[in-house]
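Novice: Input coords_8.txt, format and content: compact mmCIF, C-alpha atoms.
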```
# COMPACT_ATOMS: atom_id res chain seq x y z
CA LEU R 1088 -1.16 -16.86 21.15
CA CYS R 1089 -2.64 -13.91 19.27
CA PHE R 1090 -5.24 -16.02 17.46
CA THR R 1091 -6.14 -17.91 20.64
CA THR R 1092 -6.73 -14.70 22.56
CA LEU R 1093 -8.78 -13.20 19.72
CA GLN R 1094 -10.92 -16.32 19.65
CA ARG R 1095 -11.52 -16.17 23.40
CA HIS R 1096 -12.69 -12.57 23.15
CA THR R 1097 -14.99 -13.17 20.18
CA PRO R 1098 -17.50 -11.63 19.67
CA THR R 1099 -16.68 -8.79 22.06
CA MET R 1100 -13.11 -8.24 20.80
CA ALA R 1101 -11.75 -6.64 23.97
CA PRO R 1102 -9.01 -4.00 23.67
CA SER R 1103 -6.43 -6.47 24.98
CA SER R 1104 -6.98 -8.57 21.87
CA TRP R 1105 -6.17 -5.66 19.62
CA THR R 1106 -3.13 -4.96 21.76
CA LEU R 1107 -1.88 -8.43 20.93
CA VAL R 1108 -2.54 -7.81 17.24
CA CYS R 1109 -0.32 -4.73 17.44
CA VAL R 1110 2.32 -6.70 19.34
CA TRP R 1111 2.26 -9.37 16.62
CA ILE R 1112 2.71 -6.72 13.92
CA ALA R 1113 5.55 -5.06 15.85
CA ALA R 1114 7.30 -8.40 16.41
CA LEU R 1115 6.98 -9.28 12.73
CA SER R 1116 8.31 -5.88 11.71
CA SER R 1117 11.30 -6.13 14.03
CA SER R 1118 12.13 -9.66 12.93
CA LEU R 1119 12.02 -8.86 9.22
CA ALA R 1120 13.94 -5.61 9.68
CA PHE R 1121 16.80 -7.25 11.59
CA HIS R 1122 17.08 -10.22 9.26
CA SER R 1123 16.72 -8.37 5.96
CA SER R 1124 19.64 -7.69 3.67
CA PRO R 1125 19.90 -6.19 0.17
CA GLN R 1126 20.01 -8.48 -2.83
CA THR R 1127 23.53 -7.45 -3.76
CA VAL R 1128 26.91 -9.13 -3.59
CA PRO R 1129 28.52 -7.98 -0.31
CA SER R 1130 32.07 -8.62 -1.50
CA ALA R 1131 31.81 -6.19 -4.43
CA PRO R 1132 33.66 -2.91 -3.76
CA LEU R 1133 31.52 0.22 -3.36
CA THR R 1134 32.83 2.49 -6.11
CA PRO R 1135 31.27 5.89 -6.87
CA ARG R 1136 30.01 4.72 -10.27
CA ARG R 1137 28.38 1.66 -8.69
CA CYS R 1138 26.90 3.85 -5.99
CA LEU R 1139 25.41 6.18 -8.61
CA ASN R 1140 23.89 3.25 -10.46
CA GLN R 1141 22.16 1.97 -7.30
CA ILE R 1142 20.89 5.28 -5.89
CA PRO R 1143 18.46 7.13 -8.16
CA SER R 1144 18.98 10.66 -6.87
CA PHE R 1145 22.03 12.79 -7.57
CA ALA R 1146 21.99 14.24 -4.06
CA ALA R 1147 22.16 10.79 -2.50
CA ALA R 1148 24.97 9.88 -4.90
CA VAL R 1149 27.00 12.89 -3.83
CA GLN R 1150 26.52 11.95 -0.17
CA CYS R 1151 27.63 8.42 -0.91
CA ALA R 1152 30.66 9.60 -2.90
CA GLY R 1153 31.47 12.12 -0.16
CA ARG R 1154 32.29 9.27 2.16
CA ARG R 1155 35.07 8.20 -0.25
CA THR R 1156 38.35 9.92 -1.05
CA GLY R 1157 38.57 13.24 -2.90
CA SER R 1158 39.73 11.64 -6.13
CA GLU R 1159 36.84 9.18 -6.09
CA MET R 1160 34.42 12.03 -5.46
CA ARG R 1161 35.74 13.89 -8.51
CA ALA R 1162 35.36 10.70 -10.52
CA ALA R 1163 31.75 10.43 -9.41
CA SER R 1164 31.08 14.03 -10.44
CA THR R 1165 32.60 13.31 -13.84
CA ALA R 1166 30.40 10.25 -14.21
CA VAL R 1167 27.30 12.28 -13.45
CA SER R 1168 28.25 15.04 -15.86
CA GLU R 1169 28.60 12.64 -18.75
CA PRO R 1170 25.80 13.09 -21.30
CA SER R 1171 23.00 10.56 -21.07
CA ALA R 1172 20.30 9.68 -23.50
CA GLN R 1173 17.77 9.34 -20.70
CA THR R 1174 16.23 12.10 -18.62
CA LYS R 1175 16.71 11.80 -14.86
CA ALA R 1176 14.94 13.46 -11.95
CA VAL R 1177 17.01 15.44 -9.46
CA VAL R 1178 15.29 15.47 -6.07
CA ARG R 1179 15.40 18.59 -3.93
CA LYS R 1180 14.49 18.50 -0.24
CA GLU R 1181 11.84 21.15 -0.71
CA TRP R 1182 8.32 20.21 0.28
CA ASP R 1183 6.04 19.85 -2.73
CA ILE R 1184 2.84 21.44 -1.37
CA GLY R 1185 1.03 20.97 -4.68
CA ALA R 1186 1.61 17.22 -4.71
CA THR R 1187 0.55 16.92 -1.06
CA ALA R 1188 -2.70 18.79 -1.74
CA LYS R 1189 -3.31 16.65 -4.83
CA TYR R 1190 -3.02 13.42 -2.87
CA LEU R 1191 -5.24 14.62 -0.01
CA LEU R 1192 -7.96 16.09 -2.22
CA ALA R 1193 -8.01 13.08 -4.56
CA THR R 1194 -8.40 10.68 -1.62
CA ALA R 1195 -11.20 12.76 -0.06
CA LEU R 1196 -13.01 13.11 -3.39
CA GLN R 1197 -12.79 9.40 -4.13
CA TRP R 1198 -14.14 8.46 -0.71
CA ALA R 1199 -16.97 11.00 -1.01
CA CYS R 1200 -17.98 9.62 -4.43
CA ILE R 1201 -18.04 6.08 -3.05
CA LEU R 1202 -20.17 7.14 -0.08
CA VAL R 1203 -22.65 8.84 -2.42
CA THR R 1204 -22.79 5.61 -4.45
CA LEU R 1205 -23.48 3.58 -1.29
CA ALA R 1206 -26.31 5.94 -0.34
CA ALA R 1207 -27.75 5.64 -3.86
CA LEU R 1208 -27.67 1.85 -3.61
CA ASP R 1209 -29.55 2.01 -0.31
CA ARG R 1210 -32.28 3.97 -2.06
CA GLY R 1211 -32.28 1.89 -5.24
CA MET R 1212 -32.20 -1.64 -3.82
CA PRO R 1213 -35.76 -1.52 -2.41
CA LEU R 1214 -37.02 -0.54 -5.88
CA LEU R 1215 -36.15 -3.95 -7.32
CA PRO R 1216 -39.21 -5.92 -8.42
CA SER R 1217 -40.51 -8.20 -5.70
CA SER R 1218 -40.98 -10.98 -8.26
CA LEU R 1219 -37.22 -11.48 -8.52
CA PRO R 1220 -35.71 -14.52 -6.79
CA SER R 1221 -34.55 -13.86 -3.24
CA PHE R 1222 -30.89 -14.41 -4.11
CA VAL R 1223 -30.78 -11.59 -6.68
CA PRO R 1224 -30.21 -8.70 -4.21
CA THR R 1225 -27.42 -10.64 -2.53
CA ALA R 1226 -25.84 -11.47 -5.88
CA LEU R 1227 -25.99 -7.83 -6.97
CA THR R 1228 -24.50 -6.72 -3.66
CA ALA R 1229 -21.68 -9.24 -3.88
CA SER R 1230 -20.97 -8.13 -7.45
CA PHE R 1231 -20.71 -4.50 -6.35
CA PHE R 1232 -18.32 -5.32 -3.51
CA ALA R 1233 -16.25 -7.50 -5.84
CA LEU R 1234 -15.96 -4.57 -8.23
CA MET R 1235 -14.89 -2.29 -5.39
CA ALA R 1236 -12.36 -4.84 -4.16
CA VAL R 1237 -10.52 -4.94 -7.48
CA ARG R 1238 -11.46 -1.66 -9.21
CA SER R 1239 -12.10 0.94 -6.51
CA ARG R 1240 -9.78 3.23 -8.49
CA LEU R 1241 -12.66 3.81 -10.93
CA PHE R 1242 -13.76 6.53 -8.51
CA SER R 1243 -10.30 8.14 -8.34
CA VAL R 1244 -9.21 11.15 -10.39
CA LEU R 1245 -5.58 10.03 -10.20
CA ASN R 1246 -3.72 7.47 -12.26
CA ASN R 1247 -3.72 4.48 -9.87
CA GLN R 1248 -2.02 2.09 -12.27
CA ARG R 1249 -0.83 -1.11 -10.63
CA PRO R 1250 2.61 -2.50 -11.45
CA THR R 1251 2.85 -4.92 -14.36
CA PRO R 1252 5.27 -7.87 -14.39
CA LEU R 1253 7.49 -5.93 -16.83
CA SER R 1254 7.53 -2.76 -14.72
CA GLU R 1255 8.14 -4.83 -11.58
CA ARG R 1256 11.18 -6.51 -13.14
CA LYS R 1257 12.47 -3.10 -14.25
CA GLU R 1258 11.97 -1.69 -10.77
CA ILE R 1259 13.85 -4.60 -9.21
CA ALA R 1260 16.71 -4.15 -11.69
CA GLU R 1261 17.01 -0.41 -10.99
CA GLY R 1262 16.86 -0.57 -7.20
CA THR R 1263 17.79 -2.79 -4.29
CA ARG R 1264 15.34 -5.24 -2.79
CA PRO R 1265 15.44 -7.11 0.57
CA SER R 1266 16.53 -10.72 0.37
CA TRP R 1267 13.29 -11.85 2.02
CA MET R 1268 11.02 -10.19 -0.58
CA PRO R 1269 8.61 -12.69 -2.20
CA PRO R 1270 8.88 -13.17 -5.99
CA PRO R 1271 6.61 -10.84 -8.02
CA ILE R 1272 4.40 -13.74 -9.12
CA VAL R 1273 3.16 -14.14 -5.53
CA PHE R 1274 1.48 -10.73 -5.29
CA PRO R 1275 -1.37 -11.24 -7.83
CA PHE R 1276 -2.45 -14.43 -6.06
CA VAL R 1277 -2.34 -12.78 -2.64
CA TRP R 1278 -4.31 -9.71 -3.72
CA GLY R 1279 -6.81 -11.88 -5.61
CA THR R 1280 -7.48 -13.85 -2.43
CA ILE R 1281 -7.82 -10.64 -0.40
CA ALA R 1282 -10.31 -9.29 -2.96
CA MET R 1283 -12.51 -12.36 -2.45
CA LEU R 1284 -12.29 -11.99 1.34
CA ARG R 1285 -13.28 -8.31 1.08
CA THR R 1286 -16.27 -9.25 -1.05
CA LEU R 1287 -17.47 -11.98 1.27
CA SER R 1288 -17.01 -10.05 4.51
CA SER R 1289 -18.67 -6.89 3.14
CA THR R 1290 -21.64 -8.89 1.82
CA LEU R 1291 -22.10 -10.40 5.27
CA ILE R 1292 -22.01 -6.93 6.84
CA TRP R 1293 -24.64 -5.76 4.33
CA ARG R 1294 -26.91 -8.67 5.18
CA GLN R 1295 -26.44 -8.05 8.89
CA ALA R 1296 -27.14 -4.29 8.72
CA GLY R 1297 -29.54 -4.29 5.79
CA ALA R 1298 -27.78 -1.26 4.28
CA PHE R 1299 -24.70 -0.30 2.28
CA LEU R 1300 -23.85 2.97 3.99
CA THR R 1301 -22.73 1.67 7.38
CA PRO R 1302 -19.63 2.57 9.46
CA PRO R 1303 -17.77 -0.71 8.73
CA ILE R 1304 -18.29 -0.52 4.98
CA ALA R 1305 -17.53 3.21 4.92
CA ALA R 1306 -14.28 2.52 6.79
CA LEU R 1307 -13.27 -0.15 4.28
CA MET R 1308 -14.02 2.24 1.41
CA LEU R 1309 -11.76 4.84 3.06
CA HIS R 1310 -9.05 2.21 3.29
CA LEU R 1311 -9.43 1.43 -0.43
CA SER R 1312 -9.26 5.14 -1.29
CA ILE R 1313 -6.04 5.60 0.69
CA GLY R 1314 -4.62 2.48 -0.94
CA ASP R 1315 -5.40 3.78 -4.43
CA THR R 1316 -3.62 7.06 -3.67
CA TRP R 1317 -0.68 5.07 -2.33
CA ASN R 1318 -0.48 3.24 -5.67
CA THR R 1319 -0.20 6.57 -7.44
CA ILE R 1320 2.59 7.67 -5.09
CA GLN R 1321 4.52 4.41 -5.34
CA ASN R 1322 3.95 3.10 -8.86
CA VAL R 1323 3.25 6.24 -10.90
CA ASP R 1324 5.06 9.14 -9.18
CA ARG R 1325 7.86 6.88 -7.86
CA ARG R 1326 8.13 8.62 -4.48
CA ARG R 1327 9.63 5.94 -2.27
CA GLY R 1328 9.88 8.16 0.81
CA THR R 1329 6.28 9.37 0.63
CA ALA R 1330 5.12 5.81 -0.05
CA ALA R 1331 6.95 4.61 3.08
CA SER R 1332 5.03 7.09 5.24
CA VAL R 1333 1.63 6.77 3.53
CA VAL R 1334 1.74 2.96 3.74
CA LEU R 1335 1.41 3.40 7.51
CA LEU R 1336 -1.94 5.11 6.87
CA VAL R 1337 -2.95 2.22 4.63
CA LEU R 1338 -2.21 -0.23 7.44
CA ALA R 1339 -3.91 1.93 10.08
CA SER R 1340 -7.06 2.28 7.98
CA SER R 1341 -7.15 -1.48 7.47
CA ILE R 1342 -6.88 -2.08 11.22
CA ALA R 1343 -9.69 0.42 11.86
CA ALA R 1344 -11.95 -1.20 9.26
CA ASN R 1345 -11.16 -4.67 10.60
CA ARG R 1346 -12.09 -3.60 14.11
CA LEU R 1347 -15.44 -2.20 12.95
CA TYR R 1348 -16.13 -5.43 11.05
CA PHE R 1349 -15.44 -7.43 14.20
CA ALA R 1350 -17.77 -5.18 16.20
CA ALA R 1351 -20.59 -5.49 13.65
CA LEU R 1352 -20.24 -9.21 12.88
CA PRO R 1353 -17.35 -11.29 14.30
CA ILE R 1354 -17.27 -13.78 11.42
CA ALA R 1355 -16.88 -10.89 8.96
CA GLY R 1356 -13.99 -9.55 11.02
CA TRP R 1357 -12.27 -12.92 10.95
CA ILE R 1358 -12.71 -13.16 7.18
CA LEU R 1359 -11.18 -9.69 6.68
CA LEU R 1360 -8.31 -10.25 9.14
CA PRO R 1361 -5.87 -11.75 6.55
CA GLN R 1362 -5.94 -8.39 4.75
CA THR R 1363 -4.55 -6.63 7.82
CA MET R 1364 -1.99 -9.36 8.41
CA TRP R 1365 -0.74 -9.18 4.81
CA LEU R 1366 -0.61 -5.38 4.89
CA SER R 1367 1.56 -5.54 8.01
CA VAL R 1368 4.08 -7.58 5.99
CA ALA R 1369 3.74 -5.24 3.01
CA THR R 1370 4.37 -2.23 5.26
CA VAL R 1371 7.65 -3.70 6.46
CA LEU R 1372 8.59 -4.51 2.86
CA VAL R 1373 7.91 -0.97 1.60
CA CYS R 1374 9.83 0.60 4.49
CA ASP R 1375 12.75 -1.78 3.99
CA ILE R 1376 12.93 -0.98 0.26
CA TRP R 1377 12.95 2.72 1.15
CA ARG R 1378 15.77 2.13 3.66
CA LEU R 1379 17.90 0.18 1.18
CA ASN R 1380 17.55 2.75 -1.61
CA GLY R 1381 18.86 5.98 -0.15
CA CYS R 1382 16.21 6.98 2.42
CA GLU R 1383 14.41 9.58 0.30
CA PRO R 1384 12.49 12.20 2.36
CA LEU R 1385 9.26 10.90 3.86
CA TYR R 1386 7.23 13.74 2.36
CA PRO R 1387 6.64 14.82 -1.25
CA VAL R 1388 9.61 16.82 -2.54
CA LYS R 1389 10.02 18.83 -5.70
CA ARG R 1390 11.86 17.27 -8.61
CA GLU R 1391 13.71 18.80 -11.53
CA MET R 1392 14.03 16.86 -14.78
CA VAL R 1393 17.53 17.12 -16.27
CA SER R 1394 19.13 15.41 -19.23
```
What is this file in structure tokens?

Specialist:
Amino acid sequence: LCFTTLQRHTPTMAPSSWTLVCVWIAALSSSLAFHSSPQTVPSAPLTPRRCLNQIPSFAAAVQCAGRRTGSEMRAASTAVSEPSAQTKAVVRKEWDIGATAKYLLATALQWACILVTLAALDRGMPLLPSSLPSFVPTALTASFFALMAVRSRLFSVLNNQRPTPLSERKEIAEGTRPSWMPPPIVFPFVWGTIAMLRTLSSTLIWRQAGAFLTPPIAALMLHLSIGDTWNTIQNVDRRRGTAASVVLLVLASSIAANRLYFAALPIAGWILLPQTMWLSVATVLVCDIWRLNGCEPLYPVKREMVS
């Protein structure tokens, strides 16, 4: 129904069509949330030691053990006080203003650098020799957008490292994942396809507008900048709560960019639409992982490293 209505409203894309997109996302989110369950054995007893192994923060472990008997709670405290060869982070519910400022400033700086690059390309493209074949400007433009689709983090001052198969397996072993989560091997293929769709749709927008620095392309670059910062929060700083809130901004920026692409060139909007659809699923997945692993605060909190 959603796709049929969108097609009827093309190329105008009336607000009612976007309402149906939001309804589809909400229905998907509700369905996955109600049918999700952790990948654990339900019959296994919830002992304090097992609770501490599944929840990464000491504060959450104490809350979990507090719902048991007094003797079990003392046993949990003893288990925590045992010396460990690894260093663990104790999370305090105190807002980390420095981390918040770092994320905001890094995102703004990255977006500004990309916009300056787009403006420079608008000035430099007409300087190409006229003797070049006609397809050369389009090929160069497509190459630039392909680079941005897969390596936009080159403009970021943060470490936006993506998860590797090894780190993903370690993350799954340390935490709880929903039963409906796709296997890790799926994600590279999905993101590779989305990168190609970003490249194609952005190249079409460039050909339509005759410029790089346009509102649709600028909106997509903002989306990429927010996504790169989210990768730092999720995969480098390991802040599940902050990642669960920031992923909503990632989805919102994708919806905004998709709407501008539809307004500029409907076919480009259709090509970019799978990105928004996939991010709606990814948003539910991130929020569900956060829910199953102790519900860490949704804002950056200070951490203390203890042995």

Novice: For atom CA of R:Gly1328 and atom CA of R:Gln1248, determine how far apart the two atoms are, in Å to one decimal place.

Specialist: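 About the pair atom CA of R:Gly1328 and atom CA of R:Gln1248: they are 18.7 Å apart.
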
Novice: At a cut-off of 9 Å around the point (10.5, 12.1, 1.5) (file coordinates), what residues fall inside when counting all atoms listed in the file? I'd like the answer as a list of chain:residue names.

Specialist: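 Selection result: R:Lys1180, R:Trp1182, R:Arg1326, R:Arg1327, R:Gly1328, R:Thr1329, R:Ala1330, R:Ala1331, R:Ser1332, R:Cys1382, R:Glu1383, R:Pro1384, R:Leu1385, R:Tyr1386, R:Pro1387, R:Val1388.
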
Novice: Which of these, R:Thr1204, R:Thr1290, R:Ser1367, R:Ser1217, has the shortest distance to R:Pro1303 once you count only C-alpha atoms?

Specialist: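 The closest residue to R:Pro1303 is R:Thr1290.
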
Novice: I'd like the interatomic distance between atom CA of R:Arg1240 and atom CA of R:Asn1322, to a tenth of an Å.

Specialist: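 Result for atom CA of R:Arg1240 versus atom CA of R:Asn1322: 13.7 Å, one decimal.
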
Novice: Do you have, as a Markdown table, the list of residues of stretch 1228-1253 of chain R lying at most 9 Å from stretch 1183-1202 of chain R, each with its nearest atom pair and that distance in Å to one decimal, counting only C-alpha atoms and ordered by chain then number?

Specialist:
```
| residue | atom | partner | partner_atom | distance |
| --- | --- | --- | --- | --- |
| R:Ser1239 | CA | R:Ile1201 | CA | 8.6 |
| R:Arg1240 | CA | R:Gln1197 | CA | 8.1 |
| R:Leu1241 | CA | R:Gln1197 | CA | 8.8 |
| R:Phe1242 | CA | R:Gln1197 | CA | 5.3 |
| R:Ser1243 | CA | R:Gln1197 | CA | 5.1 |
| R:Val1244 | CA | R:Ala1193 | CA | 6.3 |
| R:Leu1245 | CA | R:Ala1193 | CA | 6.9 |
```

Novice: Taking only C-alpha atoms into account, which of R:Ala1233, R:Ala1226, R:Ala1206, R:Ile1342 comes nearest R:Pro1361?

Specialist: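 Selected residue with least distance to R:Pro1361: R:Ile1342.
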
Novice: Choose the residue, out of R:Ile1313, R:Val1323, R:Leu1359, R:Ile1304, that has the smallest atom-to-atom separation from R:Ala1282; count only C-alpha atoms.

Specialist: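 So, comparing all the options, the nearest one is R:Leu1359.
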
Novice: Would you mind reading off the distance between atom CA of R:Thr1228 and atom CA of R:Ala1369, one decimal, in Å?

Specialist: 29.1 Å
